[in-house]
Every structure is written in structure tokens, then in C-alpha cells.
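The structure under discussion appears below in the form of C-alpha cells.
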Amino acid sequence: MGLLDGKVALITGGSRGIGKAIAQAYAREGGKVHICARRESALQAAAAEIRAHGGEVSWCKADITKVRDVRRLLKAVRERYGTLHVLVNNASILGPRDPIANYPLAAWEEVVKVNLTALFIVTKEALKLMMPQREGSIINLSSGVGRIGRARWGAYAASKFGVEGFTQVLADEVKDWNIRVNAVNPGGTRTEMRAQAYPEEDPMTLPAPDEITEVFLYLASADSVGTTGKSFDARDWLRKSN
Ligand SMILES: NC(=O)c1ccc[n+]([C@@H]2O[C@H](COP(=O)([O-])OP(=O)(O)OC[C@H]3O[C@@H](n4cnc5c(N)ncnc54)[C@H](OP(=O)(O)O)[C@@H]3O)[C@@H](O)[C@H]2O)c1
């Protein structure tokens, strides 16, 4: 028996990095996963990897900042599975590492649009499936700079503070529908985004995405029923599970 047998999960940005590792972990535990991203080739490759290990996966090319793409995405999930148990709001962009005094407005708007507004758009559509069935788990990817601000993290940090706030507000709103909503800071993880943020760093000093999936499994599984409005650190779980 897998931890997620019969559960359907949608993971935004599931084509690479942390989102792909979460999709792989969920599929390994018997979950049916649907992934989306903007680049089709990476989605195809990620899906092929999951299927090669016997996992069930489907995918949609979708830009989550576009309401039409998001509606199409949720329609695909509904038509294929008829339900949705877990939403992982993982897709995100870094934006420039400029101080706020020099931060370009267009980049600010783009980062907030992808990291916060698009998360709202996807969540709102997902709630249309979760609320009538009175069950669901929503997991929002946050960041250390979404809890304590640091210089030169600009719109990325502000958007992740927004994600933490969004998590608390929504958790309070949907608790009577048995929908739990939590935030996870993955901590520094060996991905493209991290390499872009810290080009001088040796990536091998960081955990790989597949090493930090424990907390995401917990939050997707029945073990976390009743846990809502909380902020987690994947690194704490890395220590606990070792
Ligand atoms: N890696 C770390 O050290 C770290 C630390 C703290 C927090 N985080 C958070 O963890 C999450 C995953 O990060 P990561 O490092 O795995 O990032 P990543 O390697 O850059 O992957 C980001 C994923 O999001 C997708 N994406 C980006 N914009 C999108 C859009 N508009 N529509 C749909 N998909 C989109 C990307 O695919 P396409 O480009 O093809 O769309 C890709 O699949 C993010 O929320 C990040 O903020 C990461």
C-alpha cells in the first residue's frame, strides 16, 4: 500500500527541480500526478521518467499567469480523474537580485504575477473541485526570505511573504470544508533557480530535490489531516527522516 494510493495531485512547475521531485515521490507512493509548466519538452521528459518507474502521470503545457491556461489545466484534471485531492503550488521565478532602489518595475510585476497572483488563480480554480468534495490539501512553496527579509531579494521575498499570508488566510477560510493549507520552505536545494541565485556556490553542497520530499509526502497524506495554516521547513524533515 502506498501512502497516496488513489489520491490525485496537481503540481505546478512539475517539469524540473523540486516540483519534479515531489511528482516523482507522489507517484512512487501510488498517487496519480498531473504536472504543468511552460516548456513542453521538459514536461515530456519528466513524465517519461515517472512512467519508467511505473508511476501514473499526465501533463499540460500551461502558463499559470494566464487564466485561460489555468482553466484548461483544471479541466484536464477534472476530465481525467474527476477529482483533485492535493494541489502543490510550486511554480515560481526568481527575478533580478537587485536592491529595491534599483529594482525594475516590469520585473517586479512579473515576479509578483507568477509567484503570488498565479498561485491565487490556480488555487481558486482548484477549490472548485475541492470544496464540493469537502476534502483537500494545498501546499504552497515559500522560502526563507518569505519569513525574514534580506537585502537584494526584492519582489521574490515580497511575493513569498505574500504566499505565507495567503496560506494563513485561506487555511482559516476553508477549514470547515476539511481543506488544509500549509506553506513549506524547501531550504537551499540543488536546482536551476538556486544556481541562478547563487552562481558561485558549489551545488554539491546542497541537498538534491529528491532528498527534501518527506514533508511534502506528509502534507499530501492522511497523516496531516487537521494540520492547517502552518509553515514548515523541509530541512527539519530531512533531519527527522535520517
Ligand atoms: N531551489 C531552492 O533552493 C529554493 C529555495 C527556497 C524556495 N524555493 C521554491 O521552491 C519552488 C521550486 O523551486 P525550484 O528551485 O525547483 O525552481 P526551478 O528549478 O526554477 O523550477 C521552476 C518550475 O516552475 C515552472 N514555471 C515557472 N514559471 C511558470 C509559469 N509561469 N507557469 C507554469 N510553470 C512555471 C518551471 O518550468 P517552465 O520554466 O518550463 O515554465 C519549472 O518547472 C519555487 O517556488 C521556489 O521559489 C526553492
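Labels for the C-alpha cells follow display order: chains A, B, ..., residues from 1 in each chain, ligands from 1.
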Extract the full set of helix (DSSP H, G or I) residues from segment 55-218 of chain A according to DSSP on the backbone, and format it as a PyMOL selection string.
-> chain A and resi 67-81+100-102+105-133+144-146+154-177+192-197+203-205+209-211+214-218
Near ligand 1, 6 Å: chain A residue rows, closest pairs, only C-alpha atoms and all ligand atoms, as CSV:
residue,atom,partner,partner_atom_place_in_ligand_line,distance
A:Thr12,CA,ligand 1,34 (N),5.9
A:Gly13,CA,ligand 1,43 (O),3.4
A:Gly14,CA,ligand 1,43 (O),4.9
A:Ser15,CA,ligand 1,43 (O),4.2
A:Arg16,CA,ligand 1,43 (O),4.7
A:Gly17,CA,ligand 1,16 (O),3.6
A:Ile18,CA,ligand 1,16 (O),3.8
A:Gly19,CA,ligand 1,16 (O),5.7
A:Ala37,CA,ligand 1,34 (N),3.5
A:Arg38,CA,ligand 1,41 (O),3.5
A:Arg39,CA,ligand 1,40 (O),3.7
A:Ala62,CA,ligand 1,33 (C),5.6
A:Asp63,CA,ligand 1,32 (N),3.6
A:Ile64,CA,ligand 1,32 (N),4.1
A:Thr65,CA,ligand 1,31 (N),5.4
A:Asn90,CA,ligand 1,45 (O),4.5
A:Ala91,CA,ligand 1,24 (O),3.5
A:Ser92,CA,ligand 1,45 (O),4.4
A:Ile93,CA,ligand 1,27 (C),5.5
A:Val114,CA,ligand 1,31 (N),5.4
A:Leu141,CA,ligand 1,45 (O),4.7
A:Ser142,CA,ligand 1,7 (C),5.6
A:Ser143,CA,ligand 1,7 (C),4.2
A:Asn185,CA,ligand 1,7 (C),5.7
A:Pro186,CA,ligand 1,6 (C),5.2
A:Gly187,CA,ligand 1,5 (C),4.7
A:Gly188,CA,ligand 1,3 (O),3.4
A:Thr189,CA,ligand 1,3 (O),3.8
A:Arg190,CA,ligand 1,1 (N),5.9
A:Thr191,CA,ligand 1,15 (O),4.6
A:Glu192,CA,ligand 1,19 (O),4.3
A:Met193,CA,ligand 1,20 (O),4.1
A:Arg194,CA,ligand 1,1 (N),4.5
List the neighbours of Asn89 of chain A out to 12 Å using only C-alpha atoms; skip same-chain residues closer than 4 positions along the sequence, and give me the result as a PyMOL selection string.
-> chain A and resi 9-14+18-19+22+35-37+64+114-124+126+137-142+160+163+166-167+181-184+216
The selected residues should be written to file as a CSV table (one decimal), in the first residue's frame (atoms: N, CA and C atoms).
chain,number,residue,atom,x,y,z
A,9,ALA,N,-3.0,14.4,-7.5
A,9,ALA,CA,-2.3,15.6,-7.1
A,9,ALA,C,-1.9,16.4,-8.4
A,10,LEU,N,-2.1,17.7,-8.3
A,10,LEU,CA,-1.6,18.6,-9.3
A,10,LEU,C,-0.4,19.4,-8.8
A,11,ILE,N,0.7,19.4,-9.6
A,11,ILE,CA,1.9,20.1,-9.1
A,11,ILE,C,2.3,21.1,-10.2
A,12,THR,N,2.2,22.4,-9.9
A,12,THR,CA,2.6,23.4,-10.9
A,12,THR,C,4.2,23.4,-10.9
A,13,GLY,N,4.7,23.6,-12.1
A,13,GLY,CA,6.2,23.6,-12.2
A,13,GLY,C,6.8,22.3,-11.9
A,14,GLY,N,6.0,21.2,-12.3
A,14,GLY,CA,6.5,19.8,-12.0
A,14,GLY,C,7.5,19.3,-13.1
A,18,ILE,N,12.4,21.0,-7.7
A,18,ILE,CA,11.7,20.5,-6.6
A,18,ILE,C,10.3,19.9,-7.0
A,19,GLY,N,9.6,20.6,-7.9
A,19,GLY,CA,8.3,20.2,-8.4
A,19,GLY,C,8.4,18.8,-9.0
A,22,ILE,N,8.8,16.2,-6.2
A,22,ILE,CA,7.6,16.0,-5.5
A,22,ILE,C,6.7,15.0,-6.3
A,35,ILE,N,1.2,17.2,-13.9
A,35,ILE,CA,2.2,18.3,-13.8
A,35,ILE,C,2.0,19.3,-14.9
A,36,CYS,N,2.4,20.6,-14.6
A,36,CYS,CA,2.3,21.6,-15.7
A,36,CYS,C,3.6,22.5,-15.6
A,37,ALA,N,3.9,23.1,-16.7
A,37,ALA,CA,5.0,24.1,-16.8
A,37,ALA,C,4.8,24.7,-18.2
A,64,ILE,N,0.8,29.5,-15.8
A,64,ILE,CA,-0.2,29.7,-14.7
A,64,ILE,C,-0.5,31.2,-14.5
A,114,VAL,N,3.8,35.8,-11.2
A,114,VAL,CA,4.0,34.4,-11.3
A,114,VAL,C,3.9,33.8,-9.8
A,115,ASN,N,4.6,34.4,-8.9
A,115,ASN,CA,4.8,33.8,-7.6
A,115,ASN,C,3.5,33.9,-6.7
A,116,LEU,N,2.7,35.0,-6.9
A,116,LEU,CA,1.6,35.2,-6.0
A,116,LEU,C,0.3,35.3,-6.7
A,117,THR,N,0.2,36.1,-7.7
A,117,THR,CA,-1.2,36.2,-8.4
A,117,THR,C,-1.5,34.9,-9.1
A,118,ALA,N,-0.6,34.2,-9.7
A,118,ALA,CA,-0.9,33.0,-10.4
A,118,ALA,C,-1.2,31.9,-9.4
A,119,LEU,N,-0.5,31.9,-8.3
A,119,LEU,CA,-0.9,30.9,-7.2
A,119,LEU,C,-2.3,31.1,-6.8
A,120,PHE,N,-2.7,32.3,-6.7
A,120,PHE,CA,-4.2,32.6,-6.4
A,120,PHE,C,-5.1,32.1,-7.5
A,121,ILE,N,-4.7,32.3,-8.7
A,121,ILE,CA,-5.6,31.9,-9.8
A,121,ILE,C,-5.7,30.4,-9.8
A,122,VAL,N,-4.6,29.6,-9.7
A,122,VAL,CA,-4.6,28.2,-9.7
A,122,VAL,C,-5.4,27.7,-8.5
A,123,THR,N,-5.2,28.3,-7.3
A,123,THR,CA,-5.9,27.8,-6.1
A,123,THR,C,-7.4,28.0,-6.2
A,124,LYS,N,-7.8,29.2,-6.8
A,124,LYS,CA,-9.2,29.5,-6.9
A,124,LYS,C,-9.9,28.4,-7.8
A,126,ALA,N,-8.8,25.3,-8.3
A,126,ALA,CA,-8.7,24.0,-7.6
A,126,ALA,C,-9.8,23.9,-6.6
A,137,SER,N,-5.8,19.1,0.2
A,137,SER,CA,-4.6,19.6,0.8
A,137,SER,C,-3.9,20.5,-0.2
A,138,ILE,N,-3.6,21.7,0.3
A,138,ILE,CA,-3.0,22.7,-0.6
A,138,ILE,C,-1.6,23.0,0.0
A,139,ILE,N,-0.6,22.9,-0.8
A,139,ILE,CA,0.8,23.1,-0.2
A,139,ILE,C,1.5,24.2,-1.0
A,140,ASN,N,1.8,25.2,-0.4
A,140,ASN,CA,2.4,26.4,-1.1
A,140,ASN,C,3.9,26.5,-0.8
A,141,LEU,N,4.7,26.6,-1.9
A,141,LEU,CA,6.1,26.7,-1.7
A,141,LEU,C,6.5,28.1,-1.3
A,142,SER,N,7.1,28.2,-0.2
A,142,SER,CA,7.6,29.5,0.3
A,142,SER,C,9.1,29.6,0.2
A,160,LYS,N,6.9,35.9,-1.6
A,160,LYS,CA,6.9,34.8,-0.7
A,160,LYS,C,6.3,35.1,0.7
A,163,VAL,N,2.8,34.7,0.0
A,163,VAL,CA,2.4,33.3,0.0
A,163,VAL,C,2.1,32.9,1.4
A,166,PHE,N,-1.2,34.5,2.4
A,166,PHE,CA,-2.2,33.8,1.6
A,166,PHE,C,-2.6,32.4,2.3
A,167,THR,N,-1.5,31.7,2.6
A,167,THR,CA,-1.7,30.4,3.3
A,167,THR,C,-2.5,30.5,4.5
A,181,VAL,N,-4.3,23.9,4.4
A,181,VAL,CA,-3.5,24.8,3.5
A,181,VAL,C,-2.2,25.1,4.3
A,182,ASN,N,-1.1,24.7,3.8
A,182,ASN,CA,0.2,24.9,4.5
A,182,ASN,C,1.3,25.4,3.6
A,183,ALA,N,2.3,26.0,4.2
A,183,ALA,CA,3.4,26.5,3.4
A,183,ALA,C,4.7,25.8,3.8
A,184,VAL,N,5.5,25.6,2.8
A,184,VAL,CA,6.8,24.9,3.0
A,184,VAL,C,7.9,25.7,2.4
A,216,PHE,N,6.6,17.0,2.1
A,216,PHE,CA,5.5,17.1,1.0
A,216,PHE,C,4.7,15.8,1.0
Residues near Ala101 of chain A, cut-off 10 Å, only C-alpha atoms, skip fewer than 3 positions along chain, as a ChimeraX atom specification = /A:98,104,152,154
Okay, now the selection with C-alpha atoms, as a compact mmCIF listing (two decimals), in the first residue's frame?
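File produced: out-v6.txt:
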# COMPACT_ATOMS: atom_id res chain seq x y z
CA ASP A 98 18.72 43.96 -7.41
CA PRO A 104 12.91 47.41 -12.44
CA ARG A 152 18.59 42.04 -2.74
CA GLY A 154 13.17 42.25 -3.74
Neighbour list for segment 44-49 of chain A as a list in words, cut-off 7 Å, only C-alpha atoms, skip fewer than 6 positions in-chain =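 The residues that qualify are Ser15, Lys20, Val57 and Ser58 of chain A.
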Interatomic distance between atom CA of Leu84 of chain A and atom CA of Leu129 of chain A?
-> 6.3 Å
From a DSSP pass on the backbone, collect the residues of segment 3-238 of chain A flagged as strand (DSSP E) and hand them back as a PyMOL selection string.
-> chain A and resi 8-12+32-37+56-61+86-89+136-141+179-185+231-233
Go ahead and write the residues just picked, C-alpha atoms, as a PDB file, in the first residue's frame.
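Writing done, so here's part.pdb:
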ATOM      1  CA  VAL A   8      -4.855  12.822  -7.319  1.00  0.00           C
ATOM      2  CA  ALA A   9      -2.259  15.601  -7.116  1.00  0.00           C
ATOM      3  CA  LEU A  10      -1.628  18.644  -9.305  1.00  0.00           C
ATOM      4  CA  ILE A  11       1.897  20.064  -9.131  1.00  0.00           C
ATOM      5  CA  THR A  12       2.641  23.359 -10.854  1.00  0.00           C
ATOM      6  CA  LYS A  32      -1.890   9.974  -9.715  1.00  0.00           C
ATOM      7  CA  VAL A  33       0.005  13.122 -10.618  1.00  0.00           C
ATOM      8  CA  HIS A  34      -0.669  15.881 -13.106  1.00  0.00           C
ATOM      9  CA  ILE A  35       2.182  18.313 -13.786  1.00  0.00           C
ATOM     10  CA  CYS A  36       2.328  21.597 -15.674  1.00  0.00           C
ATOM     11  CA  ALA A  37       4.957  24.097 -16.805  1.00  0.00           C
ATOM     12  CA  GLU A  56       0.866   7.348 -13.148  1.00  0.00           C
ATOM     13  CA  VAL A  57       1.343  10.830 -14.587  1.00  0.00           C
ATOM     14  CA  SER A  58      -0.259  13.227 -17.046  1.00  0.00           C
ATOM     15  CA  TRP A  59       0.791  16.736 -18.024  1.00  0.00           C
ATOM     16  CA  CYS A  60      -0.359  20.010 -19.586  1.00  0.00           C
ATOM     17  CA  LYS A  61       1.672  22.808 -21.030  1.00  0.00           C
ATOM     18  CA  VAL A  86      -3.671  17.671  -3.456  1.00  0.00           C
ATOM     19  CA  LEU A  87      -2.503  20.927  -5.025  1.00  0.00           C
ATOM     20  CA  VAL A  88       1.185  21.816  -4.813  1.00  0.00           C
ATOM     21  CA  ASN A  89       1.713  25.465  -5.743  1.00  0.00           C
ATOM     22  CA  GLY A 136      -8.136  18.588   0.044  1.00  0.00           C
ATOM     23  CA  SER A 137      -4.591  19.606   0.846  1.00  0.00           C
ATOM     24  CA  ILE A 138      -2.968  22.715  -0.595  1.00  0.00           C
ATOM     25  CA  ILE A 139       0.790  23.057  -0.238  1.00  0.00           C
ATOM     26  CA  ASN A 140       2.390  26.411  -1.053  1.00  0.00           C
ATOM     27  CA  LEU A 141       6.109  26.715  -1.727  1.00  0.00           C
ATOM     28  CA  ILE A 179      -9.255  21.531   3.269  1.00  0.00           C
ATOM     29  CA  ARG A 180      -5.842  22.077   4.807  1.00  0.00           C
ATOM     30  CA  VAL A 181      -3.472  24.764   3.534  1.00  0.00           C
ATOM     31  CA  ASN A 182       0.180  24.897   4.548  1.00  0.00           C
ATOM     32  CA  ALA A 183       3.411  26.546   3.432  1.00  0.00           C
ATOM     33  CA  VAL A 184       6.791  24.857   3.019  1.00  0.00           C
ATOM     34  CA  ASN A 185      10.205  26.478   2.820  1.00  0.00           C
ATOM     35  CA  SER A 231       4.673  26.953   7.958  1.00  0.00           C
ATOM     36  CA  PHE A 232       7.092  24.043   7.573  1.00  0.00           C
ATOM     37  CA  ASP A 233      10.802  23.751   6.807  1.00  0.00           C
TER      38      ASP A 233
END
Given the choices A:Ala42, A:Val169, A:Ala197, A:Met131, which gets closest to Pro96 of chain A if the distance is worked out from only C-alpha atoms?
->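 Closest to Pro96 of chain A of all the choices is A:Ala197.
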